[in-house]
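S.K.: Dropping a structure here in structure tokens format, bear with me for questions.
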Amino acid sequence: MRFERQHQPLMPFRGFLGRLFSFASVAAGVIIVGLGIGVLGYHFAEGMPWIDALLNAAMILSGMGPVDALHRTAGKLFATFYAIFSGVVFLTVAGLLFAPVFHRLIHHFHFDNHAPKRDH
């Protein structure tokens with residue numbers, strides 16, 4: 001996932017779409033791993049059925065908040081750390097999704113069509 005350098009031309013739009021897809025794929029992988037951690041944690045630490053654990057993990061990971069009340073100390077501790085972890089996942093995914101777009105925009109406005117000048 002390399003970006004073009006300052007004096008290189010912009011990547012063709014088709015290649016840019018491929019770059020967007022690859023970054024979105026990595027972001028989806030991060031979300032899936034984060035969701036899996038949440039499902040396992042809610043299931044084993046709080047004793048929730050799998051579907052309820054999935055729902056709670058998805059709601060926390062998306063920033064919506066918990067659905068079910070927590071009753072076990074282990075579940076409450078897990079939910080505390082999972083909420084913090086989810087904030088980091090959110091920022092990571094946002095960075096992965098916006099990085100190619102911001103890079104292309106900045107590269108477009110800073111690209112110099114002339115060779116770099118050298119001092120002799």
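Naming works like this for the structure tokens: A, B, ... for the chains as they're shown, residue 1 at the start of each chain, ligands 1 onward in shown order.
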Name all residues at most 10 Å from A:Leu40 (count only C-alpha atoms; drop same-chain ones fewer than 6 positions away) and give them as a short mmCIF file (atom, residue, chain, number, x, y, z; two decimals) with N, CA and C atoms, in the first residue's frame.

M.R.:
```
data_model
loop_
_atom_site.label_atom_id
_atom_site.label_comp_id
_atom_site.auth_asym_id
_atom_site.auth_seq_id
_atom_site.Cartn_x
_atom_site.Cartn_y
_atom_site.Cartn_z
N GLU A 46 -19.60 -12.31 30.42
CA GLU A 46 -20.93 -11.97 30.94
C GLU A 46 -21.90 -13.14 30.84
N GLY A 47 -21.55 -14.15 30.06
CA GLY A 47 -22.44 -15.31 29.92
C GLY A 47 -23.62 -15.08 29.00
N MET A 48 -23.49 -14.14 28.09
CA MET A 48 -24.59 -13.85 27.16
C MET A 48 -24.67 -14.94 26.09
N TRP A 50 -24.84 -16.26 22.28
CA TRP A 50 -24.04 -15.77 21.16
C TRP A 50 -24.69 -14.60 20.43
N ALA A 53 -24.51 -11.50 22.54
CA ALA A 53 -23.12 -11.04 22.59
C ALA A 53 -22.77 -10.31 21.29
N LEU A 54 -23.22 -10.85 20.16
CA LEU A 54 -22.99 -10.19 18.87
C LEU A 54 -23.65 -8.82 18.82
N ALA A 57 -21.77 -6.39 21.16
CA ALA A 57 -20.46 -6.05 20.60
C ALA A 57 -20.62 -5.09 19.42
#
```

S.K.: For stretch 59-64 of chain A, find every residue with an atom within 12 Å (counting only C-alpha atoms), except residues of its own chain fewer than 5 positions away, and show them as number ranges by chain.

M.R.: A: 30-39, 42, 52-54, 78-91, 93-94

S.K.: Quick one: pull the distance between atom CA of A:Leu105 and atom CA of A:Ala24, Å, one decimal.

M.R.: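 So the answer is 17.8 Å.
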
S.K.: Pick the closest to A:Arg19 from A:Phe109, A:Phe44, A:Phe3, A:Phe102: which is it, counting only C-alpha atoms?

M.R.: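 That would be A:Phe3, the residue with the smallest distance to A:Arg19.
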
S.K.: Could you name the residues that touch A:Ser22 at 12 Å or less, counting only C-alpha atoms, but leaving out those on the same chain fewer than 2 positions away, as number ranges by chain?

M.R.: A: 1-2, 15-20, 24-29, 96-97, 99-100

S.K.: Atoms to include: C-alpha atoms. Write the selected residues as a PDB file, in the first residue's frame.

M.R.:
```pdb
ATOM      1  CA  MET A   1       0.000   0.000   0.000  1.00  0.00           C
ATOM      2  CA  ARG A   2       2.467   2.560  -1.196  1.00  0.00           C
ATOM      3  CA  GLY A  15      -5.842   2.413  -9.701  1.00  0.00           C
ATOM      4  CA  PHE A  16      -7.111   4.819  -7.051  1.00  0.00           C
ATOM      5  CA  LEU A  17     -10.352   2.834  -6.826  1.00  0.00           C
ATOM      6  CA  GLY A  18      -8.271  -0.306  -6.336  1.00  0.00           C
ATOM      7  CA  ARG A  19      -6.345   1.434  -3.561  1.00  0.00           C
ATOM      8  CA  LEU A  20      -9.630   2.476  -1.926  1.00  0.00           C
ATOM      9  CA  ALA A  24     -11.513  -0.713   2.815  1.00  0.00           C
ATOM     10  CA  SER A  25     -10.692  -4.426   2.909  1.00  0.00           C
ATOM     11  CA  VAL A  26      -8.128  -3.882   5.650  1.00  0.00           C
ATOM     12  CA  ALA A  27     -10.640  -1.708   7.526  1.00  0.00           C
ATOM     13  CA  ALA A  28     -13.263  -4.466   7.230  1.00  0.00           C
ATOM     14  CA  GLY A  29     -10.748  -6.946   8.614  1.00  0.00           C
ATOM     15  CA  LEU A  96      -7.805   3.663   6.870  1.00  0.00           C
ATOM     16  CA  LEU A  97     -10.861   4.793   4.933  1.00  0.00           C
ATOM     17  CA  ALA A  99      -6.127   8.127   4.052  1.00  0.00           C
ATOM     18  CA  PRO A 100      -6.286   7.369   0.294  1.00  0.00           C
TER      19      PRO A 100
END
```

S.K.: If DSSP is run on the backbone, what residues of chain A are alpha helix (DSSP H)? A reply as a ChimeraX atom specification would be ideal.

M.R.: /A:13-46,50-61,73-110

S.K.: Please produce a file of those selected residues containing C-alpha atoms, as a PDB file, in the first residue's frame.

M.R.:
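Writing the result to again.pdb gives the following:
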```
ATOM      1  CA  PHE A  13      -8.499   6.837 -11.223  1.00  0.00           C
ATOM      2  CA  ARG A  14      -8.959   3.098 -11.766  1.00  0.00           C
ATOM      3  CA  GLY A  15      -5.842   2.413  -9.701  1.00  0.00           C
ATOM      4  CA  PHE A  16      -7.111   4.819  -7.051  1.00  0.00           C
ATOM      5  CA  LEU A  17     -10.352   2.834  -6.826  1.00  0.00           C
ATOM      6  CA  GLY A  18      -8.271  -0.306  -6.336  1.00  0.00           C
ATOM      7  CA  ARG A  19      -6.345   1.434  -3.561  1.00  0.00           C
ATOM      8  CA  LEU A  20      -9.630   2.476  -1.926  1.00  0.00           C
ATOM      9  CA  PHE A  21     -10.852  -1.116  -2.124  1.00  0.00           C
ATOM     10  CA  SER A  22      -7.665  -2.483  -0.566  1.00  0.00           C
ATOM     11  CA  PHE A  23      -7.799   0.025   2.305  1.00  0.00           C
ATOM     12  CA  ALA A  24     -11.513  -0.713   2.815  1.00  0.00           C
ATOM     13  CA  SER A  25     -10.692  -4.426   2.909  1.00  0.00           C
ATOM     14  CA  VAL A  26      -8.128  -3.882   5.650  1.00  0.00           C
ATOM     15  CA  ALA A  27     -10.640  -1.708   7.526  1.00  0.00           C
ATOM     16  CA  ALA A  28     -13.263  -4.466   7.230  1.00  0.00           C
ATOM     17  CA  GLY A  29     -10.748  -6.946   8.614  1.00  0.00           C
ATOM     18  CA  VAL A  30     -10.083  -4.671  11.598  1.00  0.00           C
ATOM     19  CA  ILE A  31     -13.827  -4.406  12.224  1.00  0.00           C
ATOM     20  CA  ILE A  32     -14.318  -8.177  11.974  1.00  0.00           C
ATOM     21  CA  VAL A  33     -11.477  -8.860  14.423  1.00  0.00           C
ATOM     22  CA  GLY A  34     -12.785  -6.190  16.805  1.00  0.00           C
ATOM     23  CA  LEU A  35     -16.294  -7.592  16.590  1.00  0.00           C
ATOM     24  CA  GLY A  36     -15.001 -11.107  17.222  1.00  0.00           C
ATOM     25  CA  ILE A  37     -13.178  -9.954  20.351  1.00  0.00           C
ATOM     26  CA  GLY A  38     -16.377  -8.338  21.591  1.00  0.00           C
ATOM     27  CA  VAL A  39     -18.550 -11.369  20.900  1.00  0.00           C
ATOM     28  CA  LEU A  40     -16.152 -13.706  22.699  1.00  0.00           C
ATOM     29  CA  GLY A  41     -15.789 -11.324  25.629  1.00  0.00           C
ATOM     30  CA  TYR A  42     -19.504 -10.774  26.149  1.00  0.00           C
ATOM     31  CA  HIS A  43     -20.209 -14.462  25.756  1.00  0.00           C
ATOM     32  CA  PHE A  44     -17.570 -15.724  28.185  1.00  0.00           C
ATOM     33  CA  ALA A  45     -17.223 -12.799  30.638  1.00  0.00           C
ATOM     34  CA  GLU A  46     -20.934 -11.974  30.935  1.00  0.00           C
ATOM     35  CA  TRP A  50     -24.043 -15.766  21.157  1.00  0.00           C
ATOM     36  CA  ILE A  51     -26.649 -13.612  19.407  1.00  0.00           C
ATOM     37  CA  ASP A  52     -26.911 -11.209  22.358  1.00  0.00           C
ATOM     38  CA  ALA A  53     -23.119 -11.039  22.586  1.00  0.00           C
ATOM     39  CA  LEU A  54     -22.988 -10.194  18.868  1.00  0.00           C
ATOM     40  CA  LEU A  55     -25.614  -7.482  19.261  1.00  0.00           C
ATOM     41  CA  ASN A  56     -23.890  -5.878  22.239  1.00  0.00           C
ATOM     42  CA  ALA A  57     -20.462  -6.051  20.605  1.00  0.00           C
ATOM     43  CA  ALA A  58     -21.802  -4.483  17.400  1.00  0.00           C
ATOM     44  CA  MET A  59     -23.562  -1.708  19.289  1.00  0.00           C
ATOM     45  CA  ILE A  60     -20.479  -0.839  21.348  1.00  0.00           C
ATOM     46  CA  LEU A  61     -18.137  -1.082  18.357  1.00  0.00           C
ATOM     47  CA  THR A  73     -18.071  -8.121  37.543  1.00  0.00           C
ATOM     48  CA  ALA A  74     -16.080  -9.829  34.798  1.00  0.00           C
ATOM     49  CA  GLY A  75     -18.614  -8.629  32.225  1.00  0.00           C
ATOM     50  CA  LYS A  76     -18.452  -5.066  33.495  1.00  0.00           C
ATOM     51  CA  LEU A  77     -14.659  -5.065  33.420  1.00  0.00           C
ATOM     52  CA  PHE A  78     -14.645  -6.522  29.918  1.00  0.00           C
ATOM     53  CA  ALA A  79     -17.191  -3.935  28.735  1.00  0.00           C
ATOM     54  CA  THR A  80     -15.048  -1.129  30.171  1.00  0.00           C
ATOM     55  CA  PHE A  81     -11.949  -2.177  28.257  1.00  0.00           C
ATOM     56  CA  TYR A  82     -13.916  -3.135  25.149  1.00  0.00           C
ATOM     57  CA  ALA A  83     -15.466   0.342  25.000  1.00  0.00           C
ATOM     58  CA  ILE A  84     -11.989   1.940  25.087  1.00  0.00           C
ATOM     59  CA  PHE A  85     -10.730  -0.577  22.534  1.00  0.00           C
ATOM     60  CA  SER A  86     -13.732   0.197  20.308  1.00  0.00           C
ATOM     61  CA  GLY A  87     -12.838   3.898  20.294  1.00  0.00           C
ATOM     62  CA  VAL A  88      -9.362   3.037  19.044  1.00  0.00           C
ATOM     63  CA  VAL A  89     -10.825   0.709  16.396  1.00  0.00           C
ATOM     64  CA  PHE A  90     -13.172   3.482  15.251  1.00  0.00           C
ATOM     65  CA  LEU A  91     -10.284   5.924  14.806  1.00  0.00           C
ATOM     66  CA  THR A  92      -8.156   3.304  13.053  1.00  0.00           C
ATOM     67  CA  VAL A  93     -10.927   2.421  10.607  1.00  0.00           C
ATOM     68  CA  ALA A  94     -11.643   6.093   9.912  1.00  0.00           C
ATOM     69  CA  GLY A  95      -7.951   6.655   9.194  1.00  0.00           C
ATOM     70  CA  LEU A  96      -7.805   3.663   6.870  1.00  0.00           C
ATOM     71  CA  LEU A  97     -10.861   4.793   4.933  1.00  0.00           C
ATOM     72  CA  PHE A  98      -9.911   8.448   4.601  1.00  0.00           C
ATOM     73  CA  ALA A  99      -6.127   8.127   4.052  1.00  0.00           C
ATOM     74  CA  PRO A 100      -6.286   7.369   0.294  1.00  0.00           C
ATOM     75  CA  VAL A 101      -8.793  10.174  -0.311  1.00  0.00           C
ATOM     76  CA  PHE A 102      -6.827  12.759   1.672  1.00  0.00           C
ATOM     77  CA  HIS A 103      -3.567  11.676   0.052  1.00  0.00           C
ATOM     78  CA  ARG A 104      -5.010  12.011  -3.438  1.00  0.00           C
ATOM     79  CA  LEU A 105      -6.467  15.431  -2.658  1.00  0.00           C
ATOM     80  CA  ILE A 106      -3.242  16.741  -1.130  1.00  0.00           C
ATOM     81  CA  HIS A 107      -1.136  15.173  -3.881  1.00  0.00           C
ATOM     82  CA  HIS A 108      -3.358  16.769  -6.531  1.00  0.00           C
ATOM     83  CA  PHE A 109      -2.788  20.271  -5.138  1.00  0.00           C
ATOM     84  CA  HIS A 110       0.939  19.841  -4.457  1.00  0.00           C
TER      85      HIS A 110
END
```
